[in-house]
Every structure is written in structure tokens, then in C-alpha cells.
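Accompanying notes for the structure given below.
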Amino acid sequence: MASRTSTGFGAALRVREFRYLWAAELLSVAGDQLARVALALLVFARTSSAGLTALTYALTFVPAVLGGALLSGLADRFPRRRVLVVTDLLRAGLAGLMALPGLPLPVLWVVVGVLSAASGPFKAAQLAILPQVLEDRAAYRAGLALRQVTGQTAQLVGFAVGGVLLVAIGPHLALLLNAATFVASAVLIIAGVRERAAAARAVATSAGSDTPCGGGGLLWPLFALAGLVGLFVVPEGLAVPYAGELGLAAVGVGVLMAADPAGSVLGGWLAARVRIPTSATAAVLLAIAAGVPLVVCELGPGLVLSAALWALSGVFSTIYLVQLQEMVVDLVPDHRRGGVLGRLATCLYCSQGIAILGGGLAAEVYGPFRAVAVAGVVAIGLAGVIGVLWWLARSRRERVAGNEPASAEVSHHRSLLAIAGTSSPGTDCLPDPEAVDSVGDQGSGGDANSPFTSATQPPTASEVGKQVYSMRPGSWRLRRLPRAARAYLVVVEVAAVVATVVLAMRYPVTGRAAVLFAIIVGLGVLAAEATRRVERMRRRFSDTPHVNMSSVWTLSAALVTTPALAAATTVVLYLHLWHRSWRQVTGMHPFRVVFSVCAVVLSCHAAFLIDMALPGSLPPDSSRPAGLIALVLVIVAYWCVNSGLVAVAISVLRRDRSLGRLLGSWSENILEYATLSVGALTALLLSWYAWSVALVMLPLFVLHRSVLVRQLEHAATTDDKTGLLNAGTWRALADAELERALRHGTRLAVLMVDLDFFKGVNDRYGHLAGDQVLRAIAVAMRGVVRGSDLVGRFGGEEFVILLTGVESTGAMEVGNRICERVRILRLEDPITGGTYPDLRLTVSVGVATFPDAGRDVDELLMKADAALFAAKDAGRDRVLAVQPTRGRSDQEAGRSPL
């Protein structure tokens with residue numbers, strides 16, 4: 001429950017450093033707005049071109065996005081106070097250069113772009129230094145809230161005062177004044193903010209680019225929720241047409257445009273005064289609450305009520321935005337906080353522009369009232385989905401001792417050709433019940449799909465099992481599923497049948513629909529027959545996911561036929577796939593196929609209903625964007641329904657509920673949308689000239705073969721037991737990296753990692769447990785290194801890592817962090833459900849750096865291996881490095897602090 005505090009903004013303002021930072025930020029923001037107005041007037045006065053004026057104005061925004069995405073890491077590599085001062089002085093010089101009369105426009109645009117990009121690291125350093133300045137939690141929250149309030153005010157004042165100043169002094173003097181604000185900001189920071197050491201002296205010692213070592217995979221919901229903020233500013237972007245629909249004059253437009261900023265001011269004040277617990281639940285509920293007032297705008301309320309609703313939405317969105325920044329500070333270690341907060345601000349920045357653009361297109365088609373309401377509905381729906389997935393990910397992690405990164409999260413580790421396979425909607429979407437059986441009857445007891453899996457790796461949502469089954473109901477293995485899973489399967493199947501019957505009565509079959517149905521089914525069967533040979537070859541890789549391209553035909557059937565015929569299309573295609581391709585495939589239980597059919601049928605019905613609710617997609621109207629919007633929404637609806645049904649099925653069968661397990665990897669989902677896009681194009685061809693759909697066959701065949709190539713690459717380059725690069729692939733990539741380092745004069749390091757007393761693990765717990773340990777070590781190492789580093793299995797229990805751009809100190813730091821990760825590993829016994837008793841793991845690490853220890857890969861491996869043996873002789877569980885300086889011993893102990 002919320003509780004009152006008596007601190008308010010005063011808790012932050014009492015801190016001297018914050019006052020100087022706050023004043024510097026206000027000057028920078030006001031100067032930015034003044035410069036935007038001055039540049040627009042200057043370019044328009046010289047060119048009389050609205051397009052060039054718009055280009056100049058856009059250059060004050062777009063490079064800032066790139067700067068935030070690419071340069072935010074500077075706030076971690078260098079002292080943040082220094083980053084603030086240097087970027088302010090750089091911007092002051094560039095602003096002064098822009099004030100020069102007669103500056104050529106191309107030069108002006110380059111200067112504007114560089115100046116805007118420099119705001120990225122400035123913002124990142126500013127956000128990252130704030131928790132260091134305001135160490136008290138209440139003061140930090142008050143500081144965030146005050147920045148929200150005054151940031152809005154500074155923008156409004158900058159625009160308003162800028163217009164008056166430009167009339168009085170002209171654009172050139174206004175740009176000089178903007179340069180003066182940057183100088184004043186730098187002076188304030190130098191005078192009032194004390195110098196602090198760089199948060200990360202070596203970027204190489206930080207965790208992977210996708211997962212902070214403190215927050216793990218739970219950082220993605222914060223970015224997703226930040227992206228929702230854009231939906232809450234859609235009303236502000238539609239204020240003019242909205243007021244026009246209400247019959248209001250310019251005063252009404254001003255009231256509506258001021259509503260959301262006024263709500264943000266009130267929300268900032270409440271965030272500082274009212275203590276709302278900082279939690280995932282609170283953030284999601286606040287995001288949902290921010291969307292509810294926008295939904296009411298569907299009714300077209302008057303000026304006063306509309307302004308009140310928009311302000312209320314601004315209140316909730318501001319409060320949860322403050323909460324998000326607090327959670328980032330809690331989750332992300334200080335040495336990565338600048339980059340993460342800078343990119344979070346960039347995500348927020350981009351979402352607003354994209355959402356306003358989408359809102360404008362929607363308003364053109366459906367009107368401003370409905371466009372604002374749709375923004376609210378989408379925000380509520382996405383917030384709910386994010387909340388559920390967040391809860392599932394958190395609950396899974398809380399059950400795993402050691403808090404190791406989920407396998408799906410570390411799959412973003414760059415293994416070059418080690419690309420995960422892909423799956424299609426409704427294909428093999430239920431786990432093999434044998435995986436459930438292995439942990440006890442009805443799914444009780446342990447979980448064979450723990451984060452560090454046993455030797456018999458349970459299949460993912462798109463993988464197959466281990467036995468061959470017939471169509472006899474007695475072999476369906478339904479009784480071995482948990483009761484909740486059986487109930488869920490029945491509910492989905494009944495829902496599919498009922499929905500098909502109801503829609504068939506409402507939308508009867510027509511002659512044209514029957515002809516299109518015959519064409520789709522014929523081509524679908526022909527495509528399945530043409531790719532059978534490819535399927536057989538892919539099926540030889542039992543550990544790779546299965547791809548099913550049938551959604552091309554099922555989605556097109558949903559769009560151009562009737563619901564009954566779309567369901568019939570799905571049944572016919574899946575029966576053919578079962579009979580010709582899946583019947584003798586291991587693990588393809590009939591109940592999985594039945595569930596897949598029902599999930600796809602429901603997805604088709606959802607796509608059909610969306611298409612009916614948003615007319616204009618087929619046949620498309622080339623003069624309006626309504627058709628494109630409708631098709632995109634149809635594809636998204638199809639994917640959401642199918643993926644949601646599959647995710648729920650997996651969640652009731654497994655305790656591993658990571659995002660990657662539930663929804664698949666990024667590559668899987670990209671292929672998913674590519675397949676659905678081909679399905680939408682197929683529907684367009686069918687609605688235009690039915691027989692032209694034959695042109696889809698060749699691209700579909702090529703797409704199918706490309707999936708096989710990716711699976712072959714995966715099998716050829718990765719170690720099947722750990723998922724790391726195999727020795728040959730690692731060596732080839734390491735040679736290429738060394739050649740690049742020689743060419744550019746950069747440094748790199750090789751780490752040899754060996755598991756201590758591994759034979760004892762095999763002797764006491766068995767070889768299956770030993771394999772589980774190897775996978776756990778692989779996960780631990782990939783959770784420490786960056787995505788650009790190479791991690792491979794060298795042989796047995798020995799691993800090898802290549803770190804790019806790293807000196808000896810940074811490499812030893814990474815080695816020590818690997819040792820620390822391994823020490824806290826606690827592996828789950830899939831038989832008992834508990835952890836292995838008395839299993840304590842350690843590793844020894846040897847480090848060799850280029851060019852100090854050697855100038856080719858063989859020499860570096862030999863030196864790192866020698867350091868590894870020295871580490872074992874010195875007592876194990878430690879890191880030793882080859883001494884880079886001459887005249888000393890070959891190895892140097894280096895247990896640097898974590």
C-alpha cells in the first residue's frame with residue numbers, strides 16, 4: 001500500500017551536488033529548445049523550403065537517438081563528471097559554430113547532427129551519476145520526480161521564450177545564447193559536482209551486452225514498459241484533430257496539448273510525496289492504469305473530461321516511469337548503469353515518435369477518438385502480457401539457486417554460426433510427455449528441464465521427443481501429463497470446435513471461397529511434398545527445432561475464405577504432414593498434433609475477426625494506408641494467439657518459464673513473422689489473381705532450405721553437449737580475431753578454464769550429472785563474457801575463451817568472475833527435485849595476452865595452458881596469468897577484486 005512521506009522534492013534539493021546537476025540540466029534543455037526554434041527559422045529564411053527546414057529540425061532529434069544507442073557506454077568507461085563537462089563544452093563549440101553567418105547548409109547540418117549525437121552520452125552520464133549523488137532512496141525518487149516536472153517545464157519555457165527572444169535578437173544571437181547555456185552548464189558541473197572514478201575501467205570486464213550481471217534477463221521488461229510510454233503521448237500528438245472533432249477552437253487545442261504535461265507535473269509531485277512500493281507488480285498496474293483513461297476517449301467526451309482523462313493518464317505514466325528508473329538502479333551494477341540508462345532513455349525517446357506516427361495513421365483511417373482509445377487498449381494489453389511474462393521469468397529464477405542466467409537469455413551470446421533453429425506456428429508446440437514422466441507421475445517431483453539440464457535434454461516447444469507413437473489413443477500418453485495440462489488441452493480443443501461452429505453459422509461457405517480453398521489446399525500439399533527430402537535431412541538432427549511453413553497457407557485461408565474452410569485447411573494440411581512426414585518421427589505424439597491444429601484454428605479465427613473489424617485489407621485500397629495497417633494487425637493477432645496458447649501450454653508443463661522457452665528465440669520469431677508475411681502476400685495474390693499464387697512456391701522452397709542450412713551450421717560449429725563453439729570452430733574464429741588484432745594493433749587475451757576434480761563428480765554422481773555440470777559451467781561463462789567474445793569447449797572438462805580488446809588485468813578480472821560464478825552454482829537433481837548434496841564446483845583459469853605472451857594462437861594456448869597448470873599446482877580455484885613484463889616469473893597470481 002502507498003504511504004505518505006514528508007520529504008517531497010526537498011529531500012533532493014537539500015543535496016548540494018544535485019542542485020548543481022539540476023540547474024545544469026535545466027539550462028541544457030532550455031538551450032536545446034531555443035536552438036531548435038532558431039535553426040528552423042534560420043534555414044527557412046535562407047531557403048524558403050519547408051522540406052529543408054523539416055530536415056534541419058529532424059537532425060536535432062534523429063542523431064540524438066543514435067548517440068543514445070551507440071555512445072551511452074562512454075558514461076561507464078570514463079568519469080561521468082568529465083563526460084558531462086566535455087560533452088557540454090563540445091556542444092558549446094558546435095553551437096557557436098552554427099551561429100556563424102553564411103555557414104554552408106551541408107556544414108550546418110553536419111554540425112547539428114554531431115551536436116545532437118553528443119546529447120546521448122551527456123544524458124547517460126547524467127542519469128548514471130544521479131544515484132551516486134542521491135544515495136538515499138527517498139532522495140533519489142524525489143530527484144527523479146523533480147526532473148520529470150521541471151524537464152517538461154523547461155521544454156515549454158524554451159519554446160515560448162525562444163520565440164520572444166528570436167523576435168528581439170534574431171537566430172544568430174539566439175544560437176550564441178544557446179552556446180552560452182552549454183558553457184554555463186559545464187561551469188555549474190565543475191563547481192558543484194565532485195570528481196569520481198570511472199565506473200568501469202575496462203569495458204571488457206563488464207557482463208554481456210544484453211544481460212547485466214546484476215539484473216540478468218529481467219531487464220527486458222523495463223525496456224518494454226518504457227516503450228509503452230509512447231502510447232500515452234498519442235493524445236498529445238492528436239490534439240488538433242481531436243479538438244476538431246469536438247468542434248473546438250485554438251484555445252481548446254491548447255488545453256488538450258497542456259493536459260498530458262500537466263498530468264506529468266502532478267505525477268512527478270505525487271511520486272515524490274506518496275511512497276508506492278517499487279516492484280514489478282506496481283509498475284505493471286500503473287502502466288495499465290495509464291491506459292484506462294485513454295480507452296474512455298472512444299465515447300468522444302467533451303473538452304473538460306478529455307483533458308482530465310489525458311492528465312490522469314499522464315499522472316500514472318509519470319509515476320511508473322520514475323519506478324522504472326529506480327528498478328534499473330537496483331538491477332544494474334554501477335559499472336554498466338550509464339549504458340543501460342542511456343539506452344532506456346533512447347527507447348523512451350523512440351517510442352514516442354513511433355507511437356505518435358502510428359496514432360496519426362490510425363486517426364486518418366478510424367478517427368481521433370478511436371485512435372486514442374486504441375492506443376489505450378494496446379497499452380493495457382501489452383502491459384498485461386509483459387507483466388505475465390515478467391512474473392513467469394521471475395518465479396523461475398527465484399526457484400533456481402545461484403541465480404544463473406536462463407539459457408534463452410544467454411543464447412544471445414555471439415557464437416557466430418551457432419544459430420538456433422526456428423519453428424512455425426502450431427508446430428510441435430507441446431513438450432514431450434516423456435520429459436514429464438522422467439520426473440515423476442503427473443509431473444510431480446523434480447523437473448527434468450531445470451536450467452542446467454540432464455543428459456536427456458527435454459525438447460523445447462518446437463523440439464521432438466524420443467519414441468515413435470501410433471494413432472491408437474492408448475499410445476497418446478495423455479495420462480502422463482499433469483492434470484492442469486490435460487485440462488488446458490481440453491479447453492483449447494473445445495474452444496476451437498465451438499468457435500469454428502459459431503463462425504461457420506455466421507459466415508457460410510460461398511462458391512468463390514470453396515474454389516480458393518481448393519487452390520490453397522492443393523498448393524499446401526504440393527509444397528509439403530516438394531520439401532519432404534529437406535525434412536528428412538533436417539530430422540536427422542534430433543536436437544534441432546522443426547520448422548513448419550504451413551502458416552503461409554493457413555493464414556491466407558483465414559483471409560480469403562471462411563472460418564469453416566480455414567479450419568478445414570488446417571486439418572487437411574496437418575493430417576497430410578502427419579501421414580507423410582511426422583508419423584514415424586520420434587516424439588510426435590498425436591495429442592501434440594491435435595493441440596497444434598486447434599491452436600492454429602483459433603489463430604486463424606482471430607486473424608479473420610481482426611480482418612472483419614478493420615475493413616480495407618483485401619482487396620487493398622492503394623490510396624489509403626488502411627489496408628497495410630489491417631494486414632499488420634492480422635499478422636500480429638495470429639502470432640499473439642498462437643504464441644500465447646503455446647506459451648501457456650509450456651508453462652503448465654515446465655518449471656523453466658524463461659522468455660526464450662515460452663516464446664522462442666529472436667531468430668525463431670523473425671522467421672515466424674517472415675512466414676506470416678508470405679501468407680499475407682499469398683492472400684493478396686489470391687484476391688487479385690488466384691492462380692498467380694503459384695509464384696509463392698519457389699520462394700517458400702528456398703526459405704525452407706535456408707532453415708536447413710542454418711541447422712547444418714549449428715550442428716557443424718557447436719559442441720552438442722554444452723552449446724559452445726566446438727574446438728575447430730573456435731580455432732578458426734580465434735585465428736581471424738588474431739589477424740584482425742595484428743592488423744589494427746589491438747589486444748586480446750586467451751583464457752584456459754579447467755573444471756577441478758571433475759573425475760570425482762563423474763565417479764560419485766554419474767556421467768549424466770557430469771554432463772549437467774559441463775552445461776552449467778558453459779552457462780556461467782557465457783553469463784560473464786561479452787557477446788563479441790568467443791567461448792568454446794576445448795575437450796573434456798577444459799574450456800577456452802578469447803576476449804577481444806582486453807589487457808591482462810581485465811582478462812584476470814573476467815577469470816575471477818567466472819570462478820565466483822562457478823563457486824555459487826547449485827545444480828538441481830532431476831530425480832529428487834533438490835540439489836546434489838555436497839557438490840561444490842570450482843575451476844582453475846590460466847590467462848595469456850596478445851602480444852605480451854605470444855603472437856599466434858598456438859603460442860597463446862600453450863602459455864595459457866602453462867598458467868592453468870600453475871594455478872592447479874597453487875591450490876586450484878584461482879586465476880594465474882602469464883607475466884607480461886620481462887625478467888620475472890612466467891606466472892603471476894591475480895585474484896583481483898570482483
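Labels used: A, B, ... for chains in the order of the C-alpha cells, numbers from 1 for residues in each chain, and numbers from 1 for ligands as shown.
Near region 494-505 of chain A, within a cut-off of 9 Å and counting only C-alpha atoms, sit the residues Thr562, Pro563, Ala564, Leu565, Ala567, Val597, Cys598, Ala599, Val600, Val601, Leu602 and His605 of chain A, with same-chain residues fewer than 6 positions away left out.
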For the residues selected in the previous step, produce a file with C-alpha atoms as a PDB file, in the first residue's frame.
ATOM      1  CA  THR A 562     -14.475 -18.541 -44.467  1.00  0.00           C
ATOM      2  CA  PRO A 563     -13.723 -19.655 -40.891  1.00  0.00           C
ATOM      3  CA  ALA A 564     -15.019 -23.157 -41.598  1.00  0.00           C
ATOM      4  CA  LEU A 565     -12.805 -23.534 -44.667  1.00  0.00           C
ATOM      5  CA  ALA A 567     -10.274 -24.726 -40.117  1.00  0.00           C
ATOM      6  CA  VAL A 597      -4.270 -27.984 -35.105  1.00  0.00           C
ATOM      7  CA  CYS A 598      -6.575 -26.391 -32.516  1.00  0.00           C
ATOM      8  CA  ALA A 599      -4.088 -23.606 -31.736  1.00  0.00           C
ATOM      9  CA  VAL A 600      -3.723 -22.782 -35.433  1.00  0.00           C
ATOM     10  CA  VAL A 601      -7.503 -22.891 -35.941  1.00  0.00           C
ATOM     11  CA  LEU A 602      -8.012 -20.372 -33.135  1.00  0.00           C
ATOM     12  CA  HIS A 605     -10.257 -17.247 -36.378  1.00  0.00           C
TER      13      HIS A 605
END
Rounded to one decimal in Å, what is the spacing between CA of Ser677 (chain A) and CA of Ala362 (chain A)?
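Taking CA of Ser677 (chain A) and CA of Ala362 (chain A), their separation equals 20.7 Å.
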Between A:Phe223, A:Leu774, A:Asn816, A:Val636, which one has atoms that come closest to Trp390 (chain A), using only C-alpha atoms?
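Among the listed residues, A:Phe223 lies closest to Trp390 (chain A).
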Just checking: using only C-alpha atoms, which residue out of A:Ala514, A:Ala683, A:Ile519, A:Arg817 ends up closest to Val560 (chain A)?
A:Ala683
From a backbone DSSP assignment, name each residue in region 716-807 of chain A labelled strand (DSSP E), as number ranges by chain.
A: 748-755, 790-795, 798-804
For the residues in that selection, give me N, CA and C atoms as a tab-separated table (two decimals), in the first residue's frame.
chain	number	residue	atom	x	y	z
A	748	LEU	N	44.25	-8.73	-27.20
A	748	LEU	CA	43.26	-9.76	-26.88
A	748	LEU	C	43.88	-10.72	-25.87
A	749	ALA	N	43.05	-11.55	-25.29
A	749	ALA	CA	43.50	-12.48	-24.26
A	749	ALA	C	42.85	-13.83	-24.48
A	750	VAL	N	43.57	-14.88	-24.12
A	750	VAL	CA	43.07	-16.26	-24.17
A	750	VAL	C	43.02	-16.80	-22.75
A	751	LEU	N	41.88	-17.37	-22.37
A	751	LEU	CA	41.69	-17.97	-21.05
A	751	LEU	C	41.47	-19.46	-21.22
A	752	MET	N	42.26	-20.26	-20.53
A	752	MET	CA	42.02	-21.70	-20.45
A	752	MET	C	41.34	-21.98	-19.11
A	753	VAL	N	40.18	-22.61	-19.16
A	753	VAL	CA	39.39	-22.86	-17.97
A	753	VAL	C	39.23	-24.37	-17.82
A	754	ASP	N	39.59	-24.89	-16.65
A	754	ASP	CA	39.50	-26.33	-16.40
A	754	ASP	C	38.75	-26.58	-15.11
A	755	LEU	N	37.80	-27.51	-15.17
A	755	LEU	CA	36.99	-27.85	-14.00
A	755	LEU	C	37.81	-28.70	-13.04
A	790	LEU	N	34.63	-15.11	-27.75
A	790	LEU	CA	34.48	-16.48	-28.25
A	790	LEU	C	34.65	-17.46	-27.09
A	791	VAL	N	33.67	-18.31	-26.89
A	791	VAL	CA	33.71	-19.32	-25.83
A	791	VAL	C	33.55	-20.68	-26.48
A	792	GLY	N	34.49	-21.59	-26.20
A	792	GLY	CA	34.43	-22.92	-26.80
A	792	GLY	C	34.81	-23.99	-25.82
A	793	ARG	N	34.43	-25.21	-26.17
A	793	ARG	CA	34.85	-26.37	-25.37
A	793	ARG	C	36.10	-26.96	-26.04
A	794	PHE	N	37.19	-27.01	-25.29
A	794	PHE	CA	38.47	-27.43	-25.83
A	794	PHE	C	38.59	-28.94	-25.85
A	795	GLY	N	37.89	-29.59	-24.93
A	795	GLY	CA	37.96	-31.04	-24.82
A	795	GLY	C	37.76	-31.46	-23.38
A	798	GLU	N	37.70	-29.10	-20.20
A	798	GLU	CA	38.52	-27.92	-20.43
A	798	GLU	C	37.84	-27.01	-21.45
A	799	PHE	N	37.82	-25.71	-21.14
A	799	PHE	CA	37.18	-24.72	-22.00
A	799	PHE	C	38.20	-23.64	-22.35
A	800	VAL	N	37.90	-22.91	-23.41
A	800	VAL	CA	38.80	-21.86	-23.85
A	800	VAL	C	37.97	-20.64	-24.24
A	801	ILE	N	38.48	-19.46	-23.87
A	801	ILE	CA	37.78	-18.21	-24.11
A	801	ILE	C	38.76	-17.23	-24.76
A	802	LEU	N	38.28	-16.50	-25.77
A	802	LEU	CA	39.07	-15.42	-26.36
A	802	LEU	C	38.34	-14.12	-26.10
A	803	LEU	N	39.03	-13.18	-25.44
A	803	LEU	CA	38.47	-11.87	-25.14
A	803	LEU	C	39.15	-10.83	-26.03
A	804	THR	N	38.38	-10.01	-26.71
A	804	THR	CA	38.93	-9.01	-27.60
A	804	THR	C	39.07	-7.68	-26.88
Could you list, as a PyMOL selection string, every residue within 7 Å of Ala117 (chain A), counting only C-alpha atoms and ignoring same-chain residues fewer than 4 positions away?
chain A and resi 63-64+66-67+113
Write to file, as a tab-separated table (two decimals), in the first residue's frame, the residues of the selection just made, with C-alpha atoms.
chain	number	residue	atom	x	y	z
A	63	PRO	CA	21.20	11.77	-34.24
A	64	ALA	CA	20.31	12.04	-30.55
A	66	LEU	CA	21.86	7.19	-32.46
A	67	GLY	CA	24.04	8.87	-29.86
A	113	GLY	CA	23.89	16.16	-36.25
For CA of Cys297 (chain A) and CA of Val365 (chain A), the interatomic separation in Å (one decimal):
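For CA of Cys297 (chain A) relative to CA of Val365 (chain A), the distance reads 16.4 Å.
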Interatomic distance, CA of Asp330 (chain A) to CA of Leu146 (chain A) (Å, one decimal):
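Interatomic distance here is 19.8 Å.
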Can you list, as a PyMOL selection string, every protein, DNA or RNA residue that comes within 12 Å of Ala11 (chain A) when you count only C-alpha atoms, leaving out same-chain residues fewer than 5 positions away?
chain A and resi 5-6+16+18-19+134-146+272-273
Residues of the last selection are to be written out with N, CA and C atoms, as a compact mmCIF listing (two decimals), in the first residue's frame.
# COMPACT_ATOMS: atom_id res chain seq x y z
N THR A 5 5.02 10.33 2.78
CA THR A 5 6.29 10.75 3.35
C THR A 5 6.28 12.27 3.43
N SER A 6 7.11 12.78 4.26
CA SER A 6 7.15 14.22 4.47
C SER A 6 8.33 14.87 3.77
N ARG A 16 23.62 19.33 -2.22
CA ARG A 16 24.24 20.40 -3.00
C ARG A 16 24.58 19.95 -4.41
N PHE A 18 23.21 17.71 -6.25
CA PHE A 18 22.01 17.58 -7.08
C PHE A 18 21.53 18.94 -7.56
N ARG A 19 21.60 19.95 -6.71
CA ARG A 19 21.13 21.27 -7.13
C ARG A 19 21.92 21.76 -8.34
N LEU A 134 22.55 11.11 -5.12
CA LEU A 134 21.41 10.93 -4.20
C LEU A 134 21.41 9.48 -3.73
N GLU A 135 22.22 9.19 -2.73
CA GLU A 135 22.37 7.82 -2.27
C GLU A 135 21.15 7.34 -1.49
N ASP A 136 20.45 8.25 -0.83
CA ASP A 136 19.24 7.87 -0.10
C ASP A 136 18.11 7.58 -1.09
N ARG A 137 17.38 6.48 -0.88
CA ARG A 137 16.35 6.08 -1.82
C ARG A 137 15.25 7.13 -1.95
N ALA A 138 14.80 7.69 -0.84
CA ALA A 138 13.74 8.70 -0.89
C ALA A 138 14.22 9.94 -1.65
N ALA A 139 15.46 10.33 -1.42
CA ALA A 139 16.01 11.49 -2.12
C ALA A 139 16.15 11.21 -3.61
N TYR A 140 16.56 9.99 -3.96
CA TYR A 140 16.69 9.65 -5.37
C TYR A 140 15.34 9.69 -6.07
N ARG A 141 14.32 9.14 -5.41
CA ARG A 141 12.99 9.17 -6.01
C ARG A 141 12.51 10.60 -6.18
N ALA A 142 12.76 11.42 -5.18
CA ALA A 142 12.36 12.83 -5.28
C ALA A 142 13.10 13.54 -6.39
N GLY A 143 14.38 13.21 -6.57
CA GLY A 143 15.15 13.82 -7.64
C GLY A 143 14.63 13.43 -9.01
N LEU A 144 14.29 12.14 -9.19
CA LEU A 144 13.70 11.70 -10.45
C LEU A 144 12.39 12.43 -10.73
N ALA A 145 11.55 12.52 -9.71
CA ALA A 145 10.26 13.18 -9.89
C ALA A 145 10.44 14.66 -10.23
N LEU A 146 11.38 15.31 -9.55
CA LEU A 146 11.61 16.73 -9.82
C LEU A 146 12.12 16.94 -11.24
N ALA A 272 7.03 11.94 -5.62
CA ALA A 272 7.92 12.37 -4.55
C ALA A 272 7.22 12.37 -3.19
N ARG A 273 5.93 12.57 -3.16
CA ARG A 273 5.20 12.72 -1.90
C ARG A 273 4.59 11.41 -1.39
Proximity to Ala866 (chain A) - best of A:Gly846, A:Gly268, A:Gly522, A:Gly120, only C-alpha atoms
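Looking at the shortest contact to Ala866 (chain A), the residue is A:Gly846.
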Nearest residue to Cys819 (chain A) out of A:Ala780, A:Ala727, A:Ala363, A:Val133, using only C-alpha atoms?
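For Cys819 (chain A), the nearest of the given residues is A:Ala780.
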